[in-house]
$ cat model-v8.cif   # mmCIF, C-alpha atoms and all ligand atoms
data_target
loop_
_atom_site.group_PDB
_atom_site.id
_atom_site.type_symbol
_atom_site.label_atom_id
_atom_site.label_comp_id
_atom_site.auth_asym_id
_atom_site.auth_seq_id
_atom_site.Cartn_x
_atom_site.Cartn_y
_atom_site.Cartn_z
ATOM 1 C CA MET A 1 81.246 1.516 -48.062
ATOM 2 C CA SER A 2 79.905 2.199 -51.530
ATOM 3 C CA ASP A 3 82.123 4.060 -53.956
ATOM 4 C CA GLN A 4 79.117 6.037 -55.200
ATOM 5 C CA PRO A 5 78.157 9.475 -53.908
ATOM 6 C CA HIS A 6 75.269 9.439 -51.471
ATOM 7 C CA PRO A 7 72.094 11.338 -52.288
ATOM 8 C CA GLN A 8 72.257 14.905 -50.988
ATOM 9 C CA ASP A 9 68.562 14.819 -50.022
ATOM 10 C CA ARG A 10 69.420 12.669 -47.025
ATOM 11 C CA THR A 11 71.073 15.657 -45.404
ATOM 12 C CA ARG A 12 69.613 18.612 -43.553
ATOM 13 C CA VAL A 13 71.566 21.691 -42.601
ATOM 14 C CA LEU A 14 72.502 21.809 -38.923
ATOM 15 C CA ILE A 15 74.952 24.734 -38.942
ATOM 16 C CA PRO A 16 74.888 27.074 -41.937
ATOM 17 C CA ALA A 17 78.124 28.288 -43.525
ATOM 18 C CA GLU A 18 77.672 31.873 -42.272
ATOM 19 C CA ARG A 19 77.354 30.728 -38.649
ATOM 20 C CA ILE A 20 80.503 28.640 -38.972
ATOM 21 C CA GLN A 21 82.464 31.576 -40.365
ATOM 22 C CA ALA A 22 81.201 33.953 -37.671
ATOM 23 C CA ARG A 23 82.088 31.486 -34.919
ATOM 24 C CA ILE A 24 85.584 30.985 -36.320
ATOM 25 C CA VAL A 25 86.250 34.732 -36.124
ATOM 26 C CA GLU A 26 85.164 34.655 -32.461
ATOM 27 C CA LEU A 27 87.315 31.590 -31.731
ATOM 28 C CA ALA A 28 90.367 33.186 -33.337
ATOM 29 C CA ARG A 29 89.938 36.335 -31.230
ATOM 30 C CA GLU A 30 89.472 34.274 -28.065
ATOM 31 C CA ILE A 31 92.555 32.177 -28.820
ATOM 32 C CA ARG A 32 94.757 35.228 -29.449
ATOM 33 C CA ALA A 33 93.386 36.978 -26.347
ATOM 34 C CA ASP A 34 94.339 33.960 -24.219
ATOM 35 C CA LEU A 35 97.578 32.844 -25.875
ATOM 36 C CA GLY A 36 99.019 36.216 -26.851
ATOM 37 C CA ASP A 37 100.149 37.436 -30.237
ATOM 38 C CA GLY A 38 103.405 35.468 -30.536
ATOM 39 C CA PRO A 39 104.167 32.614 -32.933
ATOM 40 C CA LEU A 40 101.548 29.870 -32.848
ATOM 41 C CA THR A 41 101.968 26.442 -34.427
ATOM 42 C CA CYS A 42 98.577 25.199 -35.626
ATOM 43 C CA ILE A 43 98.435 21.449 -36.116
ATOM 44 C CA GLY A 44 95.550 20.152 -38.214
ATOM 45 C CA VAL A 45 94.449 16.541 -37.873
ATOM 46 C CA LEU A 46 93.816 14.986 -41.282
ATOM 47 C CA LYS A 47 91.621 14.584 -42.964
ATOM 48 C CA GLY A 48 88.594 16.027 -41.207
ATOM 49 C CA SER A 49 90.124 19.298 -40.014
ATOM 50 C CA PHE A 50 91.518 20.532 -43.328
ATOM 51 C CA ILE A 51 88.731 23.037 -44.047
ATOM 52 C CA PHE A 52 88.390 24.257 -40.448
ATOM 53 C CA MET A 53 92.178 24.638 -40.256
ATOM 54 C CA ALA A 54 92.240 26.661 -43.487
ATOM 55 C CA ASP A 55 89.568 29.068 -42.233
ATOM 56 C CA LEU A 56 90.881 29.269 -38.666
ATOM 57 C CA VAL A 57 94.469 30.132 -39.608
ATOM 58 C CA ARG A 58 93.194 32.882 -41.906
ATOM 59 C CA ALA A 59 91.168 34.320 -39.025
ATOM 60 C CA LEU A 60 94.150 34.303 -36.633
ATOM 61 C CA ASP A 61 96.206 37.468 -36.430
ATOM 62 C CA GLY A 62 99.955 37.350 -35.927
ATOM 63 C CA PRO A 63 102.568 34.754 -36.850
ATOM 64 C CA VAL A 64 101.187 31.253 -37.490
ATOM 65 C CA ARG A 65 102.923 28.055 -38.569
ATOM 66 C CA CYS A 66 100.848 25.299 -40.204
ATOM 67 C CA GLU A 67 101.532 21.641 -39.539
ATOM 68 C CA PHE A 68 99.466 18.520 -40.119
ATOM 69 C CA LEU A 69 99.203 15.107 -38.536
ATOM 70 C CA GLY A 70 97.869 12.118 -40.437
ATOM 71 C CA VAL A 71 95.968 9.805 -38.145
ATOM 72 C CA SER A 72 94.456 6.412 -38.654
ATOM 73 C CA SER A 73 91.794 5.970 -36.029
ATOM 74 C CA TYR A 74 90.320 2.929 -34.386
ATOM 75 C CA HIS A 75 86.961 3.346 -36.188
ATOM 76 C CA GLY A 76 85.656 0.553 -38.352
ATOM 77 C CA GLY A 77 84.779 -2.141 -35.863
ATOM 78 C CA THR A 78 81.695 -2.061 -33.712
ATOM 79 C CA ARG A 79 83.716 -1.347 -30.571
ATOM 80 C CA SER A 80 86.481 1.186 -30.320
ATOM 81 C CA THR A 81 89.882 -0.067 -29.279
ATOM 82 C CA GLY A 82 91.234 3.401 -28.578
ATOM 83 C CA VAL A 83 94.279 2.730 -30.719
ATOM 84 C CA VAL A 84 95.299 5.722 -32.796
ATOM 85 C CA ARG A 85 98.160 5.434 -35.268
ATOM 86 C CA ILE A 86 100.159 8.315 -36.702
ATOM 87 C CA THR A 87 100.322 7.885 -40.485
ATOM 88 C CA GLU A 88 101.896 11.273 -41.279
ATOM 89 C CA ASP A 89 104.154 12.950 -38.749
ATOM 90 C CA LEU A 90 104.819 16.658 -38.273
ATOM 91 C CA SER A 91 107.209 18.118 -40.803
ATOM 92 C CA HIS A 92 109.208 20.106 -38.224
ATOM 93 C CA PRO A 93 110.103 19.780 -34.538
ATOM 94 C CA ILE A 94 107.733 21.624 -32.189
ATOM 95 C CA GLU A 95 110.045 21.767 -29.190
ATOM 96 C CA GLY A 96 109.521 25.121 -27.460
ATOM 97 C CA HIS A 97 106.559 26.046 -29.681
ATOM 98 C CA HIS A 98 103.150 27.165 -28.509
ATOM 99 C CA CYS A 99 100.900 24.655 -30.283
ATOM 100 C CA LEU A 100 97.220 24.590 -31.136
ATOM 101 C CA LEU A 101 95.813 21.189 -32.094
ATOM 102 C CA VAL A 102 92.984 21.720 -34.580
ATOM 103 C CA GLU A 103 90.254 19.072 -34.768
ATOM 104 C CA ASP A 104 86.984 19.051 -36.659
ATOM 105 C CA ILE A 105 85.101 16.972 -34.099
ATOM 106 C CA VAL A 106 85.588 15.427 -30.672
ATOM 107 C CA ASP A 107 83.398 12.390 -30.222
ATOM 108 C CA THR A 108 84.653 9.641 -27.891
ATOM 109 C CA GLY A 109 87.660 11.843 -27.131
ATOM 110 C CA LEU A 110 90.117 9.015 -27.813
ATOM 111 C CA THR A 111 91.848 10.787 -30.702
ATOM 112 C CA LEU A 112 92.237 14.103 -28.876
ATOM 113 C CA ASP A 113 93.475 12.380 -25.728
ATOM 114 C CA TYR A 114 96.044 10.377 -27.683
ATOM 115 C CA LEU A 115 97.248 13.323 -29.767
ATOM 116 C CA ARG A 116 97.599 15.667 -26.808
ATOM 117 C CA HIS A 117 99.938 13.176 -25.109
ATOM 118 C CA PHE A 118 101.729 12.540 -28.405
ATOM 119 C CA LEU A 119 102.420 16.255 -28.848
ATOM 120 C CA GLU A 120 103.407 16.778 -25.229
ATOM 121 C CA GLY A 121 106.078 14.129 -25.762
ATOM 122 C CA ARG A 122 107.727 16.492 -28.280
ATOM 123 C CA LYS A 123 108.370 19.075 -25.534
ATOM 124 C CA PRO A 124 106.363 22.043 -26.869
ATOM 125 C CA ALA A 125 106.067 25.209 -24.765
ATOM 126 C CA SER A 126 102.307 24.566 -24.567
ATOM 127 C CA VAL A 127 99.516 22.572 -26.223
ATOM 128 C CA HIS A 128 95.984 23.900 -26.517
ATOM 129 C CA THR A 129 93.166 22.241 -28.388
ATOM 130 C CA VAL A 130 90.346 23.590 -30.511
ATOM 131 C CA CYS A 131 87.528 21.668 -32.128
ATOM 132 C CA LEU A 132 84.793 22.975 -34.337
ATOM 133 C CA LEU A 133 82.256 20.426 -33.084
ATOM 134 C CA ASP A 134 81.966 18.758 -29.719
ATOM 135 C CA LYS A 135 79.715 15.781 -28.983
ATOM 136 C CA PRO A 136 80.095 15.463 -25.202
ATOM 137 C CA GLY A 137 77.351 12.821 -25.094
ATOM 138 C CA ARG A 138 79.674 10.291 -26.749
ATOM 139 C CA ARG A 139 82.750 10.608 -24.509
ATOM 140 C CA GLU A 140 84.681 7.489 -23.547
ATOM 141 C CA VAL A 141 87.623 9.345 -22.026
ATOM 142 C CA GLU A 142 87.490 12.533 -20.033
ATOM 143 C CA VAL A 143 88.896 15.196 -22.298
ATOM 144 C CA ALA A 144 87.680 18.726 -22.773
ATOM 145 C CA PRO A 145 88.917 20.786 -25.713
ATOM 146 C CA ASP A 146 90.118 24.245 -24.675
ATOM 147 C CA TYR A 147 88.043 25.906 -27.402
ATOM 148 C CA VAL A 148 84.806 24.600 -28.905
ATOM 149 C CA GLY A 149 82.965 26.008 -31.900
ATOM 150 C CA PHE A 150 79.615 24.286 -31.395
ATOM 151 C CA THR A 151 78.347 21.654 -28.995
ATOM 152 C CA ILE A 152 76.087 19.292 -30.927
ATOM 153 C CA PRO A 153 73.786 16.363 -30.093
ATOM 154 C CA ASP A 154 74.646 12.767 -30.920
ATOM 155 C CA GLU A 155 73.673 12.812 -34.585
ATOM 156 C CA PHE A 156 75.742 11.752 -37.578
ATOM 157 C CA VAL A 157 77.096 14.905 -39.151
ATOM 158 C CA VAL A 158 78.813 15.522 -42.459
ATOM 159 C CA GLY A 159 80.192 18.496 -44.355
ATOM 160 C CA TYR A 160 82.829 21.168 -43.774
ATOM 161 C CA GLY A 161 85.529 18.475 -43.744
ATOM 162 C CA LEU A 162 83.512 15.653 -42.185
ATOM 163 C CA ASP A 163 82.741 12.698 -44.390
ATOM 164 C CA LEU A 164 80.573 9.710 -44.969
ATOM 165 C CA GLY A 165 82.553 7.178 -46.965
ATOM 166 C CA GLU A 166 84.873 10.048 -48.022
ATOM 167 C CA PHE A 167 81.996 12.051 -49.581
ATOM 168 C CA TYR A 168 80.403 15.285 -48.292
ATOM 169 C CA ARG A 169 83.650 16.836 -47.008
ATOM 170 C CA ASN A 170 83.180 19.623 -49.563
ATOM 171 C CA LEU A 171 79.833 20.883 -48.226
ATOM 172 C CA PRO A 172 80.336 24.436 -46.913
ATOM 173 C CA TYR A 173 77.971 23.763 -43.988
ATOM 174 C CA ILE A 174 77.482 21.061 -41.332
ATOM 175 C CA ALA A 175 74.569 18.747 -42.070
ATOM 176 C CA VAL A 176 72.898 15.858 -40.300
ATOM 177 C CA TYR A 177 72.848 12.734 -42.427
ATOM 178 C CA SER A 178 69.833 10.453 -42.099
ATOM 179 C CA PRO A 179 70.162 7.038 -43.761
HETATM 180 C C1 LIG A 201 87.314 11.928 -36.850
HETATM 181 C C2 LIG A 201 87.727 13.317 -36.428
HETATM 182 C C3 LIG A 201 88.601 13.095 -35.240
HETATM 183 C C4 LIG A 201 88.071 11.797 -34.645
HETATM 184 C C5 LIG A 201 87.240 12.124 -33.463
HETATM 185 O O1 LIG A 201 88.265 11.411 -37.713
HETATM 186 O O2 LIG A 201 88.402 13.998 -37.450
HETATM 187 O O3 LIG A 201 89.961 12.965 -35.593
HETATM 188 O O4 LIG A 201 87.263 11.167 -35.642
HETATM 189 O O5 LIG A 201 86.677 10.964 -32.911
HETATM 190 P P1 LIG A 201 86.948 10.473 -31.439
HETATM 191 O O6 LIG A 201 86.743 11.636 -30.517
HETATM 192 O O7 LIG A 201 85.902 9.395 -31.247
HETATM 193 O O8 LIG A 201 88.333 9.930 -31.360
HETATM 194 P P2 LIG A 201 87.972 10.155 -38.674
HETATM 195 O O9 LIG A 201 88.454 8.912 -38.023
HETATM 196 O O10 LIG A 201 86.524 10.185 -39.089
HETATM 197 O O11 LIG A 201 88.922 10.401 -39.898
HETATM 198 P P3 LIG A 201 88.965 11.634 -40.931
HETATM 199 O O12 LIG A 201 89.307 12.866 -40.117
HETATM 200 O O13 LIG A 201 90.039 11.272 -41.882
HETATM 201 O O14 LIG A 201 87.614 11.756 -41.577
#
$ encode --input "model-v8.cif" --output "structure tokens"
Amino acid sequence: MSDQPHPQDRTRVLIPAERIQARIVELAREIRADLGDGPLTCIGVLKGSFIFMADLVRALDGPVRCEFLGVSSYHGGTRSTGVVRITEDLSHPIEGHHCLLVEDIVDTGLTLDYLRHFLEGRKPASVHTVCLLDKPGRREVEVAPDYVGFTIPDEFVVGYGLDLGEFYRNLPYIAVYSP
């Protein structure tokens, strides 16, 4: 991948910033309505979820802990191997905690499936999952996030944390990238 920024004119807005923010407020309300107003440990998956996590935790009422997991995914080859490696572990035990795994996008589902089992192995009180974007058309394993911001078609999206060659994460909206 080139080390140069890609031209912005290859992107078109798919989900504007205001729609993202409005949906996050709805998601936060829904999550609190379902899970109650007790302590919630939000676990962001790096790097893609860092912006969604920051906005979601600010929209959530009540006590919230913030944790992050660094993950090195199987991407890179032409076929996915399904192997996910933890590169940065949680900073505290989550035993007995109500946890919310925060993902930017669920594509094949391999990462979410792996991380849900990984977290369950730490004996939390519960694990729920939220993703901002869901691409059900690309699933390789049957996983369904508990909360979904937007269901999107199988197009390459960037922005709001999602990258192309590490660029575009800073866009405040979700855009489709056309090469
Ligand atoms: C993306 C995204 C998810 C994963 C989803 O991460 O943040 O973690 O891919 O894909 P899947 O459903 O096919 O497993 P990516 O590997 O692009 O790394 P990044 O978050 O650091 O950008």
$ resolve_selection --input "model-v8.cif" --expression "the PyMOL selection byres (((not hetatm)) within 9 of (chain A and resi 201))" --output "number ranges by chain"
A: 45-50, 70-76, 80, 82, 84, 103-114, 134-135, 138-141, 161-166, 169
$ closest_residue --input "model-v8.cif" --among "A:Val102, A:Leu56, A:Ile94, A:Val143" --to "A:Gly121" --atoms "only C-alpha atoms"
A:Ile94
$ resolve_selection --input "model-v8.cif" --expression "the PyMOL selection byres (((chain A and resi 155) around 9) and not hetatm)" --output "PyMOL selection string"
chain A and resi 135+152-154+156-157+176-178
$ residues_around --input "model-v8.cif" --residues "A:Ile174" --least-positions-apart "5" --cutoff "10 Å" --atoms "all atoms listed in the file" --output "mmCIF file with C-alpha atoms, in the frame of the given file"
data_model
loop_
_atom_site.group_PDB
_atom_site.id
_atom_site.type_symbol
_atom_site.label_atom_id
_atom_site.label_comp_id
_atom_site.auth_asym_id
_atom_site.auth_seq_id
_atom_site.Cartn_x
_atom_site.Cartn_y
_atom_site.Cartn_z
ATOM 1 C CA THR A 11 71.073 15.657 -45.404
ATOM 2 C CA ARG A 12 69.613 18.612 -43.553
ATOM 3 C CA VAL A 13 71.566 21.691 -42.601
ATOM 4 C CA LEU A 14 72.502 21.809 -38.923
ATOM 5 C CA ILE A 15 74.952 24.734 -38.942
ATOM 6 C CA PRO A 16 74.888 27.074 -41.937
ATOM 7 C CA ALA A 17 78.124 28.288 -43.525
ATOM 8 C CA ILE A 20 80.503 28.640 -38.972
ATOM 9 C CA LEU A 133 82.256 20.426 -33.084
ATOM 10 C CA VAL A 157 77.096 14.905 -39.151
ATOM 11 C CA VAL A 158 78.813 15.522 -42.459
ATOM 12 C CA GLY A 159 80.192 18.496 -44.355
ATOM 13 C CA TYR A 160 82.829 21.168 -43.774
ATOM 14 C CA GLY A 161 85.529 18.475 -43.744
ATOM 15 C CA LEU A 162 83.512 15.653 -42.185
ATOM 16 C CA TYR A 168 80.403 15.285 -48.292
ATOM 17 C CA ARG A 169 83.650 16.836 -47.008
#
$ atom_distance --input "model-v8.cif" --atom1 "atom CA of A:Arg32" --atom2 "atom CA of A:Asp61"
7.5 Å
$ atom_distance --input "model-v8.cif" --atom1 "atom CA of A:Arg116" --atom2 "atom CA of A:Pro136"
17.6 Å
$ closest_residue --input "model-v8.cif" --among "A:Gly62, A:Pro179, A:Gly44, A:Gly96" --to "A:Thr129" --atoms "all atoms listed in the file"
A:Gly44
$ residues_around --input "model-v8.cif" --residues "A:His97" --least-positions-apart "4" --cutoff "7 Å" --atoms "only C-alpha atoms" --output "list in words"
Thr41, Pro124, Ala125 and Ser126 of chain A
$ build_atoms --input "model-v8.cif" --residues "stretch 143-154 of chain A" --atoms "all heavy atoms" --output "PDB file, in the frame of the given file"
ATOM      1  N   VAL A 143      88.082  14.110 -21.742  1.00  0.00           N
ATOM      2  CA  VAL A 143      88.896  15.196 -22.298  1.00  0.00           C
ATOM      3  C   VAL A 143      87.967  16.355 -22.633  1.00  0.00           C
ATOM      4  O   VAL A 143      86.830  16.137 -23.060  1.00  0.00           O
ATOM      5  CB  VAL A 143      89.671  14.811 -23.589  1.00  0.00           C
ATOM      6  CG1 VAL A 143      90.839  13.918 -23.308  1.00  0.00           C
ATOM      7  CG2 VAL A 143      88.761  14.210 -24.631  1.00  0.00           C
ATOM      8  N   ALA A 144      88.463  17.535 -22.436  1.00  0.00           N
ATOM      9  CA  ALA A 144      87.680  18.726 -22.773  1.00  0.00           C
ATOM     10  C   ALA A 144      88.553  19.627 -23.634  1.00  0.00           C
ATOM     11  O   ALA A 144      89.613  20.070 -23.188  1.00  0.00           O
ATOM     12  CB  ALA A 144      87.258  19.453 -21.504  1.00  0.00           C
ATOM     13  N   PRO A 145      88.139  19.861 -24.874  1.00  0.00           N
ATOM     14  CA  PRO A 145      88.917  20.786 -25.713  1.00  0.00           C
ATOM     15  C   PRO A 145      88.928  22.174 -25.075  1.00  0.00           C
ATOM     16  O   PRO A 145      87.967  22.565 -24.411  1.00  0.00           O
ATOM     17  CB  PRO A 145      88.139  20.814 -27.034  1.00  0.00           C
ATOM     18  CG  PRO A 145      87.103  19.751 -26.937  1.00  0.00           C
ATOM     19  CD  PRO A 145      86.933  19.369 -25.519  1.00  0.00           C
ATOM     20  N   ASP A 146      90.033  22.902 -25.261  1.00  0.00           N
ATOM     21  CA  ASP A 146      90.118  24.245 -24.675  1.00  0.00           C
ATOM     22  C   ASP A 146      89.147  25.206 -25.352  1.00  0.00           C
ATOM     23  O   ASP A 146      88.615  26.103 -24.709  1.00  0.00           O
ATOM     24  CB  ASP A 146      91.552  24.771 -24.806  1.00  0.00           C
ATOM     25  CG  ASP A 146      92.527  23.904 -24.035  1.00  0.00           C
ATOM     26  OD1 ASP A 146      92.314  23.750 -22.824  1.00  0.00           O
ATOM     27  OD2 ASP A 146      93.485  23.373 -24.637  1.00  0.00           O
ATOM     28  N   TYR A 147      88.948  25.023 -26.646  1.00  0.00           N
ATOM     29  CA  TYR A 147      88.043  25.906 -27.402  1.00  0.00           C
ATOM     30  C   TYR A 147      87.111  25.040 -28.239  1.00  0.00           C
ATOM     31  O   TYR A 147      87.565  24.100 -28.900  1.00  0.00           O
ATOM     32  CB  TYR A 147      88.846  26.838 -28.317  1.00  0.00           C
ATOM     33  CG  TYR A 147      89.849  27.664 -27.548  1.00  0.00           C
ATOM     34  CD1 TYR A 147      91.174  27.238 -27.427  1.00  0.00           C
ATOM     35  CD2 TYR A 147      89.459  28.839 -26.914  1.00  0.00           C
ATOM     36  CE1 TYR A 147      92.095  27.965 -26.691  1.00  0.00           C
ATOM     37  CE2 TYR A 147      90.376  29.579 -26.176  1.00  0.00           C
ATOM     38  CZ  TYR A 147      91.690  29.145 -26.069  1.00  0.00           C
ATOM     39  OH  TYR A 147      92.590  29.865 -25.333  1.00  0.00           O
ATOM     40  N   VAL A 148      85.823  25.381 -28.179  1.00  0.00           N
ATOM     41  CA  VAL A 148      84.806  24.600 -28.905  1.00  0.00           C
ATOM     42  C   VAL A 148      83.975  25.554 -29.757  1.00  0.00           C
ATOM     43  O   VAL A 148      83.500  26.588 -29.261  1.00  0.00           O
ATOM     44  CB  VAL A 148      83.882  23.867 -27.898  1.00  0.00           C
ATOM     45  CG1 VAL A 148      82.723  23.201 -28.626  1.00  0.00           C
ATOM     46  CG2 VAL A 148      84.676  22.836 -27.093  1.00  0.00           C
ATOM     47  N   GLY A 149      83.807  25.194 -31.027  1.00  0.00           N
ATOM     48  CA  GLY A 149      82.965  26.008 -31.900  1.00  0.00           C
ATOM     49  C   GLY A 149      81.495  25.834 -31.557  1.00  0.00           C
ATOM     50  O   GLY A 149      80.797  26.792 -31.201  1.00  0.00           O
ATOM     51  N   PHE A 150      81.018  24.596 -31.650  1.00  0.00           N
ATOM     52  CA  PHE A 150      79.615  24.286 -31.395  1.00  0.00           C
ATOM     53  C   PHE A 150      79.511  22.955 -30.657  1.00  0.00           C
ATOM     54  O   PHE A 150      80.185  21.989 -31.026  1.00  0.00           O
ATOM     55  CB  PHE A 150      78.837  24.144 -32.713  1.00  0.00           C
ATOM     56  CG  PHE A 150      78.897  25.356 -33.587  1.00  0.00           C
ATOM     57  CD1 PHE A 150      79.877  25.478 -34.575  1.00  0.00           C
ATOM     58  CD2 PHE A 150      77.981  26.391 -33.422  1.00  0.00           C
ATOM     59  CE1 PHE A 150      79.939  26.605 -35.387  1.00  0.00           C
ATOM     60  CE2 PHE A 150      78.031  27.517 -34.235  1.00  0.00           C
ATOM     61  CZ  PHE A 150      79.015  27.629 -35.218  1.00  0.00           C
ATOM     62  N   THR A 151      78.669  22.922 -29.660  1.00  0.00           N
ATOM     63  CA  THR A 151      78.347  21.654 -28.995  1.00  0.00           C
ATOM     64  C   THR A 151      77.106  21.105 -29.692  1.00  0.00           C
ATOM     65  O   THR A 151      76.110  21.825 -29.850  1.00  0.00           O
ATOM     66  CB  THR A 151      78.079  21.893 -27.501  1.00  0.00           C
ATOM     67  OG1 THR A 151      79.271  22.453 -26.939  1.00  0.00           O
ATOM     68  CG2 THR A 151      77.754  20.591 -26.785  1.00  0.00           C
ATOM     69  N   ILE A 152      77.196  19.845 -30.131  1.00  0.00           N
ATOM     70  CA  ILE A 152      76.087  19.292 -30.927  1.00  0.00           C
ATOM     71  C   ILE A 152      75.579  17.987 -30.299  1.00  0.00           C
ATOM     72  O   ILE A 152      76.305  17.317 -29.564  1.00  0.00           O
ATOM     73  CB  ILE A 152      76.512  19.031 -32.399  1.00  0.00           C
ATOM     74  CG1 ILE A 152      77.680  18.032 -32.479  1.00  0.00           C
ATOM     75  CG2 ILE A 152      76.844  20.333 -33.105  1.00  0.00           C
ATOM     76  CD1 ILE A 152      77.938  17.525 -33.883  1.00  0.00           C
ATOM     77  N   PRO A 153      74.328  17.619 -30.608  1.00  0.00           N
ATOM     78  CA  PRO A 153      73.786  16.363 -30.093  1.00  0.00           C
ATOM     79  C   PRO A 153      74.394  15.172 -30.823  1.00  0.00           C
ATOM     80  O   PRO A 153      75.124  15.331 -31.808  1.00  0.00           O
ATOM     81  CB  PRO A 153      72.287  16.470 -30.384  1.00  0.00           C
ATOM     82  CG  PRO A 153      72.170  17.480 -31.469  1.00  0.00           C
ATOM     83  CD  PRO A 153      73.355  18.387 -31.385  1.00  0.00           C
ATOM     84  N   ASP A 154      74.078  13.987 -30.342  1.00  0.00           N
ATOM     85  CA  ASP A 154      74.646  12.767 -30.920  1.00  0.00           C
ATOM     86  C   ASP A 154      73.909  12.389 -32.208  1.00  0.00           C
ATOM     87  O   ASP A 154      73.092  11.476 -32.228  1.00  0.00           O
ATOM     88  CB  ASP A 154      74.575  11.634 -29.884  1.00  0.00           C
ATOM     89  CG  ASP A 154      75.258  10.376 -30.401  1.00  0.00           C
ATOM     90  OD1 ASP A 154      75.983  10.482 -31.424  1.00  0.00           O
ATOM     91  OD2 ASP A 154      75.060   9.307 -29.801  1.00  0.00           O
TER      92      ASP A 154
END
